[in-house]
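Student: Before we start, here is the structure in question, set down as structure tokens.
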Amino acid sequence: MSLINTTIKPFKATAYHNGKFVDVSEQTVAGKWSVFVFYPADFTFVCPTELEDLADHYAEFQKLGVEVYSVSTDTHFAHKAWHDTSDAIKKVNYPMIGDPTHALSRNFDVLIEEEGVALRGTFVVNPAGEIKVLEIHDLGIGRDASELLRKVKAAQYIASHPGEVCPAKWEEGAKTLTPSLDLVGKI
């Protein structure tokens with residue numbers, strides 16, 4: 001069963017954010033666009049490259065009214081230690097959620113049970129708490145924040161333009177499609 005169009009399950013977690021430990025729950029994300037980016041572990045190899053890439057694009061996500069949450073099965077304490085010691089992670093200004101109980105990773109169906117770490121899962125959640133985009137990678141395959149940003153823009157566009165769809169490689173301002181009987185077989 002796919003998680004697309006399902007509502008995120010209730011959760012409670014602690015995040016490291018802007019030098020503080022903060023509580024995060026489904027109530028925190030209600031009413032706004034959110035991106036959850038799961039990764040296997042702090043102090044690893046591909047993970048800091050992804051989180052730094054997200055940090056470099058964070059202002060663009062914020063302009064769209066989107067909050068980014070990175071999540072691993074490490075604790076919020078480990079996130080702080082990583083933030084304090086890694087030049088790449090020092091750039092991170094979005095909340096870094098700790099999931100040591102694995103509840104959030106299970107809720108989003110990305111937990112590798114036998115290893116106790118999360119797959120590289122990316123989820124775009126709309127203001128109603130519904131998952132609109134999901135992408136799951138194996139541990140060795142890094143993601144691209146600019147492509148995620150494009151997908152967020154597409155999800156926001158179709159949410160505000162019922163009846164239209166965004167074709168492949170759609171970029172903000174580009175032409176969309178309006179599915180109809182007249183369009184069948186003409187693309």
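Residue names in the structure tokens use chain letters A, B, ... in the order shown, residue numbers from 1 in each chain, and ligand numbers from 1 in the order shown.
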Leaving out range 132-136 of chain A and any residue of its chain fewer than 6 positions from it, which residues lie within 7 Å of it when counting only C-alpha atoms, given as number ranges by chain?
Tutor: A: 4-5, 119-126, 155
Student: Put those residues in a file: N, CA and C atoms, as a short mmCIF file (atom, residue, chain, number, x, y, z; two decimals), in the first residue's frame.
Tutor:
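As written to disk, again38.cif reads:
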```cif
data_model
loop_
_atom_site.label_atom_id
_atom_site.label_comp_id
_atom_site.auth_asym_id
_atom_site.auth_seq_id
_atom_site.Cartn_x
_atom_site.Cartn_y
_atom_site.Cartn_z
N ILE A 4 1.08 7.60 -0.51
CA ILE A 4 0.61 8.79 -1.22
C ILE A 4 -0.85 9.08 -0.86
N ASN A 5 -1.12 10.33 -0.55
CA ASN A 5 -2.45 10.84 -0.17
C ASN A 5 -2.94 10.35 1.18
N LEU A 119 16.02 4.28 5.62
CA LEU A 119 16.38 4.47 4.22
C LEU A 119 16.37 5.97 3.92
N ARG A 120 16.87 6.36 2.78
CA ARG A 120 16.81 7.76 2.36
C ARG A 120 15.42 8.03 1.80
N GLY A 121 14.52 8.44 2.67
CA GLY A 121 13.14 8.71 2.27
C GLY A 121 12.86 10.20 2.29
N THR A 122 12.19 10.68 1.26
CA THR A 122 11.82 12.08 1.15
C THR A 122 10.31 12.16 0.98
N PHE A 123 9.68 13.00 1.80
CA PHE A 123 8.22 13.12 1.79
C PHE A 123 7.82 14.58 1.78
N VAL A 124 6.96 14.96 0.85
CA VAL A 124 6.38 16.30 0.81
C VAL A 124 4.96 16.17 1.36
N VAL A 125 4.68 16.95 2.40
CA VAL A 125 3.39 16.88 3.09
C VAL A 125 2.68 18.22 2.94
N ASN A 126 1.42 18.17 2.52
CA ASN A 126 0.66 19.41 2.32
C ASN A 126 0.11 19.93 3.66
N ALA A 155 3.90 20.32 -6.64
CA ALA A 155 2.83 19.92 -5.71
C ALA A 155 2.01 21.13 -5.28
#
```
Student: I'd like the contact shell of Trp33 in chain A - 9 Å cut-off, only C-alpha atoms, skipping same-chain residues fewer than 4 positions apart - returned as a ChimeraX atom specification.
Tutor: /A:29,64-68,124-129,152,156
Student: Keeping only all heavy atoms, write the selected residues to a file as a short mmCIF file (atom, residue, chain, number, x, y, z; two decimals), in the first residue's frame.
Tutor:
```cif
data_model
loop_
_atom_site.label_atom_id
_atom_site.label_comp_id
_atom_site.auth_asym_id
_atom_site.auth_seq_id
_atom_site.Cartn_x
_atom_site.Cartn_y
_atom_site.Cartn_z
N VAL A 29 3.46 20.54 12.31
CA VAL A 29 3.48 20.65 10.86
C VAL A 29 2.11 20.95 10.26
O VAL A 29 2.01 21.26 9.08
CB VAL A 29 4.10 19.39 10.20
CG1 VAL A 29 5.49 19.13 10.76
CG2 VAL A 29 3.23 18.17 10.38
N LEU A 64 8.81 29.55 -0.10
CA LEU A 64 7.59 28.84 -0.53
C LEU A 64 6.70 28.47 0.65
O LEU A 64 5.67 27.83 0.47
CB LEU A 64 7.97 27.57 -1.30
CG LEU A 64 8.72 27.78 -2.61
CD1 LEU A 64 9.19 26.44 -3.17
CD2 LEU A 64 7.84 28.50 -3.62
N GLY A 65 7.10 28.86 1.87
CA GLY A 65 6.32 28.52 3.05
C GLY A 65 6.49 27.08 3.47
O GLY A 65 5.60 26.50 4.11
N VAL A 66 7.63 26.48 3.15
CA VAL A 66 7.89 25.06 3.43
C VAL A 66 8.92 24.94 4.54
O VAL A 66 9.97 25.57 4.48
CB VAL A 66 8.41 24.35 2.16
CG1 VAL A 66 8.74 22.89 2.46
CG2 VAL A 66 7.41 24.45 1.03
N GLU A 67 8.61 24.11 5.54
CA GLU A 67 9.60 23.79 6.57
C GLU A 67 10.21 22.44 6.23
O GLU A 67 9.51 21.52 5.82
CB GLU A 67 8.98 23.75 7.96
CG GLU A 67 10.00 23.53 9.07
CD GLU A 67 11.12 24.55 9.10
OE1 GLU A 67 10.93 25.60 9.73
OE2 GLU A 67 12.19 24.32 8.48
N VAL A 68 11.51 22.36 6.37
CA VAL A 68 12.26 21.13 6.12
C VAL A 68 12.60 20.50 7.46
O VAL A 68 13.02 21.20 8.39
CB VAL A 68 13.56 21.44 5.34
CG1 VAL A 68 14.42 20.17 5.20
CG2 VAL A 68 13.25 22.04 3.98
N VAL A 124 6.96 14.96 0.85
CA VAL A 124 6.38 16.30 0.81
C VAL A 124 4.96 16.17 1.36
O VAL A 124 4.16 15.37 0.85
CB VAL A 124 6.37 16.88 -0.62
CG1 VAL A 124 5.66 18.23 -0.64
CG2 VAL A 124 7.80 16.99 -1.16
N VAL A 125 4.68 16.95 2.40
CA VAL A 125 3.39 16.88 3.09
C VAL A 125 2.68 18.22 2.94
O VAL A 125 3.26 19.28 3.19
CB VAL A 125 3.62 16.55 4.59
CG1 VAL A 125 2.30 16.51 5.35
CG2 VAL A 125 4.37 15.23 4.74
N ASN A 126 1.42 18.17 2.52
CA ASN A 126 0.66 19.41 2.32
C ASN A 126 0.11 19.93 3.66
O ASN A 126 0.23 19.26 4.70
CB ASN A 126 -0.43 19.23 1.26
CG ASN A 126 -1.61 18.39 1.72
OD1 ASN A 126 -1.74 18.02 2.89
ND2 ASN A 126 -2.50 18.08 0.79
N PRO A 127 -0.51 21.11 3.67
CA PRO A 127 -1.01 21.68 4.93
C PRO A 127 -2.07 20.83 5.62
O PRO A 127 -2.26 20.95 6.84
CB PRO A 127 -1.58 23.03 4.50
CG PRO A 127 -0.78 23.41 3.30
CD PRO A 127 -0.56 22.10 2.58
N ALA A 128 -2.74 19.94 4.89
CA ALA A 128 -3.74 19.05 5.50
C ALA A 128 -3.09 17.81 6.12
O ALA A 128 -3.78 16.96 6.68
CB ALA A 128 -4.77 18.63 4.46
N GLY A 129 -1.76 17.71 6.01
CA GLY A 129 -1.04 16.57 6.57
C GLY A 129 -0.98 15.36 5.65
O GLY A 129 -0.61 14.27 6.08
N VAL A 152 8.34 20.17 -4.98
CA VAL A 152 7.51 20.94 -4.04
C VAL A 152 6.72 22.00 -4.81
O VAL A 152 5.51 22.17 -4.60
CB VAL A 152 8.36 21.59 -2.93
CG1 VAL A 152 7.57 22.64 -2.17
CG2 VAL A 152 8.91 20.53 -1.99
N GLN A 156 2.67 22.23 -5.00
CA GLN A 156 1.96 23.45 -4.61
C GLN A 156 1.14 24.00 -5.78
O GLN A 156 0.02 24.47 -5.58
CB GLN A 156 2.93 24.50 -4.09
CG GLN A 156 3.52 24.16 -2.74
CD GLN A 156 4.46 25.24 -2.22
OE1 GLN A 156 5.09 25.98 -2.98
NE2 GLN A 156 4.58 25.31 -0.91
#
```
Student: Could you give me, as an NGL selection string, the residues within 9 Å of Pro95 in chain A, counting only C-alpha atoms and dropping anything in the same chain fewer than 6 positions from it?
Tutor: :A and (15-18 or 22 or 24 or 67-71)
Student: Dump C-alpha atoms for the selected residues as a tab-separated table (two decimals), in the first residue's frame?
Tutor:
```tsv
chain	number	residue	atom	x	y	z
A	15	ALA	CA	14.69	18.07	17.29
A	16	TYR	CA	17.85	20.09	17.42
A	17	HIS	CA	17.06	23.49	15.88
A	18	ASN	CA	18.97	26.75	16.03
A	22	VAL	CA	12.46	21.63	20.48
A	24	VAL	CA	7.98	18.41	17.12
A	67	GLU	CA	9.60	23.79	6.57
A	68	VAL	CA	12.26	21.13	6.12
A	69	TYR	CA	12.78	18.42	8.75
A	70	SER	CA	15.71	16.04	8.56
A	71	VAL	CA	15.21	12.79	10.46
```
Student: Of the residues A:Ala30, A:Asp138, A:Leu149, A:Lys91, which is the one nearest to Gln62 in chain A, using only C-alpha atoms?
Tutor: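 Of A:Ala30, A:Asp138, A:Leu149, A:Lys91, the one nearest Gln62 in chain A, counting only C-alpha atoms, is A:Leu149.
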Student: My list of candidates is A:His57, A:Arg106, A:Lys90, A:Lys186. Which is closest to Ser146 in chain A when distances are computed with only C-alpha atoms?
Tutor: A:His57
Student: Using DSSP secondary structure from the backbone, list all alpha helix (DSSP H) positions within range 35-146 of chain A, as a ChimeraX atom specification.
Tutor: /A:46-63,76-85,103-107,145-146
Student: For Leu54 in chain A, which residue among A:Thr178, A:Ser86, A:Asn93, A:Ser2 is the nearest when counting only C-alpha atoms?
Tutor: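 Of the candidates, the smallest distance to Leu54 in chain A is held by A:Asn93.
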Student: Range 88-177 of chain A: which residues are strand (DSSP E or B) by DSSP, as a PyMOL selection string?
Tutor: chain A and resi 96-98+111-112+117-118+120-125+130-137+165+177
Student: Go ahead and compute the interatomic distance for CA of His79 in chain A and CA of Phe61 in chain A, in Å to one decimal.
Tutor: 21.3 Å
Student: Point out the residue among A:Val92, A:Leu139, A:Ile131, A:Ala145 with the least atom-to-atom distance to Leu111 in chain A, counting only C-alpha atoms.
Tutor: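 Checking each candidate against Leu111 in chain A, we get A:Leu139 as the closest.
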Student: With only C-alpha atoms as the basis for distance, which of A:Asp99, A:Glu147, A:Glu171, A:Glu52 is at the shortest distance from Phe11 in chain A?
Tutor: A:Asp99
Student: Tell me, as a PyMOL selection string, which residues lie within 10 Å of Ala88 in chain A, counting only C-alpha atoms; anything in the same chain fewer than 3 positions away does not count.
Tutor: chain A and resi 47-53+55-56+82-83+85+91-92
Student: Next, dump the selected residues to file, keeping only C-alpha atoms, as a PDB file, in the first residue's frame.
Tutor:
```pdb
ATOM      1  CA  CYS A  47      24.268  12.074   4.661  1.00  0.00           C
ATOM      2  CA  PRO A  48      26.236  15.284   5.289  1.00  0.00           C
ATOM      3  CA  THR A  49      26.368  15.997   1.551  1.00  0.00           C
ATOM      4  CA  GLU A  50      22.576  15.763   1.352  1.00  0.00           C
ATOM      5  CA  LEU A  51      21.911  17.838   4.465  1.00  0.00           C
ATOM      6  CA  GLU A  52      24.375  20.498   3.316  1.00  0.00           C
ATOM      7  CA  ASP A  53      22.665  20.604  -0.091  1.00  0.00           C
ATOM      8  CA  ALA A  55      20.884  23.827   3.845  1.00  0.00           C
ATOM      9  CA  ASP A  56      22.117  25.593   0.703  1.00  0.00           C
ATOM     10  CA  TRP A  82      27.297  16.581  14.689  1.00  0.00           C
ATOM     11  CA  HIS A  83      26.186  20.180  14.138  1.00  0.00           C
ATOM     12  CA  THR A  85      31.721  19.384  14.734  1.00  0.00           C
ATOM     13  CA  LYS A  91      25.119  25.177   7.710  1.00  0.00           C
ATOM     14  CA  VAL A  92      21.875  23.418   8.737  1.00  0.00           C
TER      15      VAL A  92
END
```
Student: Can you tell me, as an mmCIF file with all heavy atoms, in the first residue's frame, what residues are no more than 12 Å from Lys175 in chain A when counting only C-alpha atoms, ignoring any on the same chain fewer than 4 positions away?
Tutor:
```cif
data_model
loop_
_atom_site.group_PDB
_atom_site.id
_atom_site.type_symbol
_atom_site.label_atom_id
_atom_site.label_comp_id
_atom_site.auth_asym_id
_atom_site.auth_seq_id
_atom_site.Cartn_x
_atom_site.Cartn_y
_atom_site.Cartn_z
ATOM 1 N N ALA A 154 5.822 21.942 -7.917
ATOM 2 C CA ALA A 154 4.789 21.261 -8.704
ATOM 3 C C ALA A 154 3.616 20.853 -7.819
ATOM 4 O O ALA A 154 2.450 21.039 -8.190
ATOM 5 C CB ALA A 154 5.378 20.049 -9.421
ATOM 6 N N TYR A 157 1.696 23.911 -6.987
ATOM 7 C CA TYR A 157 0.976 24.413 -8.156
ATOM 8 C C TYR A 157 -0.318 23.642 -8.378
ATOM 9 O O TYR A 157 -1.380 24.238 -8.521
ATOM 10 C CB TYR A 157 1.853 24.341 -9.421
ATOM 11 C CG TYR A 157 1.144 24.948 -10.600
ATOM 12 C CD1 TYR A 157 1.269 26.299 -10.886
ATOM 13 C CD2 TYR A 157 0.316 24.177 -11.413
ATOM 14 C CE1 TYR A 157 0.586 26.873 -11.944
ATOM 15 C CE2 TYR A 157 -0.377 24.738 -12.474
ATOM 16 C CZ TYR A 157 -0.237 26.086 -12.740
ATOM 17 O OH TYR A 157 -0.935 26.657 -13.782
ATOM 18 N N GLU A 164 -5.424 20.907 -13.329
ATOM 19 C CA GLU A 164 -4.198 20.976 -14.116
ATOM 20 C C GLU A 164 -3.191 19.965 -13.574
ATOM 21 O O GLU A 164 -3.251 19.595 -12.402
ATOM 22 C CB GLU A 164 -3.583 22.385 -14.049
ATOM 23 C CG GLU A 164 -4.422 23.443 -14.723
ATOM 24 C CD GLU A 164 -3.755 24.809 -14.683
ATOM 25 O OE1 GLU A 164 -2.550 24.905 -14.960
ATOM 26 O OE2 GLU A 164 -4.464 25.794 -14.379
ATOM 27 N N VAL A 165 -2.277 19.536 -14.437
ATOM 28 C CA VAL A 165 -1.210 18.629 -14.038
ATOM 29 C C VAL A 165 0.114 19.159 -14.598
ATOM 30 O O VAL A 165 0.138 19.862 -15.605
ATOM 31 C CB VAL A 165 -1.466 17.178 -14.522
ATOM 32 C CG1 VAL A 165 -2.712 16.598 -13.850
ATOM 33 C CG2 VAL A 165 -1.609 17.116 -16.040
ATOM 34 N N CYS A 166 1.190 18.800 -13.935
ATOM 35 C CA CYS A 166 2.523 19.238 -14.348
ATOM 36 C C CYS A 166 3.221 18.105 -15.097
ATOM 37 O O CYS A 166 3.428 17.037 -14.533
ATOM 38 C CB CYS A 166 3.353 19.643 -13.133
ATOM 39 S SG CYS A 166 2.673 21.053 -12.240
ATOM 40 N N PRO A 167 3.615 18.338 -16.349
ATOM 41 C CA PRO A 167 4.293 17.281 -17.110
ATOM 42 C C PRO A 167 5.730 17.078 -16.645
ATOM 43 O O PRO A 167 6.238 17.819 -15.800
ATOM 44 C CB PRO A 167 4.255 17.828 -18.547
ATOM 45 C CG PRO A 167 4.211 19.312 -18.380
ATOM 46 C CD PRO A 167 3.444 19.563 -17.119
ATOM 47 N N ALA A 168 6.388 16.086 -17.223
ATOM 48 C CA ALA A 168 7.781 15.799 -16.910
ATOM 49 C C ALA A 168 8.644 17.045 -17.086
ATOM 50 O O ALA A 168 8.413 17.848 -17.998
ATOM 51 C CB ALA A 168 8.307 14.678 -17.813
ATOM 52 N N LYS A 169 9.603 17.211 -16.190
ATOM 53 C CA LYS A 169 10.567 18.309 -16.203
ATOM 54 C C LYS A 169 9.917 19.685 -16.062
ATOM 55 O O LYS A 169 10.537 20.698 -16.355
ATOM 56 C CB LYS A 169 11.440 18.257 -17.460
ATOM 57 C CG LYS A 169 12.270 16.993 -17.555
ATOM 58 C CD LYS A 169 13.175 17.045 -18.764
ATOM 59 C CE LYS A 169 13.965 15.757 -18.871
ATOM 60 N NZ LYS A 169 14.897 15.795 -19.983
ATOM 61 N N TRP A 170 8.666 19.721 -15.587
ATOM 62 C CA TRP A 170 7.982 20.998 -15.403
ATOM 63 C C TRP A 170 8.782 21.884 -14.466
ATOM 64 O O TRP A 170 9.303 21.433 -13.455
ATOM 65 C CB TRP A 170 6.580 20.759 -14.824
ATOM 66 C CG TRP A 170 5.822 22.022 -14.545
ATOM 67 C CD1 TRP A 170 5.040 22.720 -15.426
ATOM 68 C CD2 TRP A 170 5.767 22.749 -13.320
ATOM 69 N NE1 TRP A 170 4.514 23.829 -14.816
ATOM 70 C CE2 TRP A 170 4.945 23.877 -13.518
ATOM 71 C CE3 TRP A 170 6.343 22.569 -12.067
ATOM 72 C CZ2 TRP A 170 4.674 24.805 -12.515
ATOM 73 C CZ3 TRP A 170 6.082 23.493 -11.070
ATOM 74 C CH2 TRP A 170 5.251 24.595 -11.298
ATOM 75 N N GLU A 171 8.904 23.137 -14.828
ATOM 76 C CA GLU A 171 9.542 24.155 -13.997
ATOM 77 C C GLU A 171 8.531 25.269 -13.769
ATOM 78 O O GLU A 171 7.644 25.500 -14.600
ATOM 79 C CB GLU A 171 10.797 24.722 -14.679
ATOM 80 C CG GLU A 171 11.935 23.737 -14.842
ATOM 81 C CD GLU A 171 12.663 23.409 -13.546
ATOM 82 O OE1 GLU A 171 12.562 24.190 -12.575
ATOM 83 O OE2 GLU A 171 13.326 22.360 -13.503
#
```
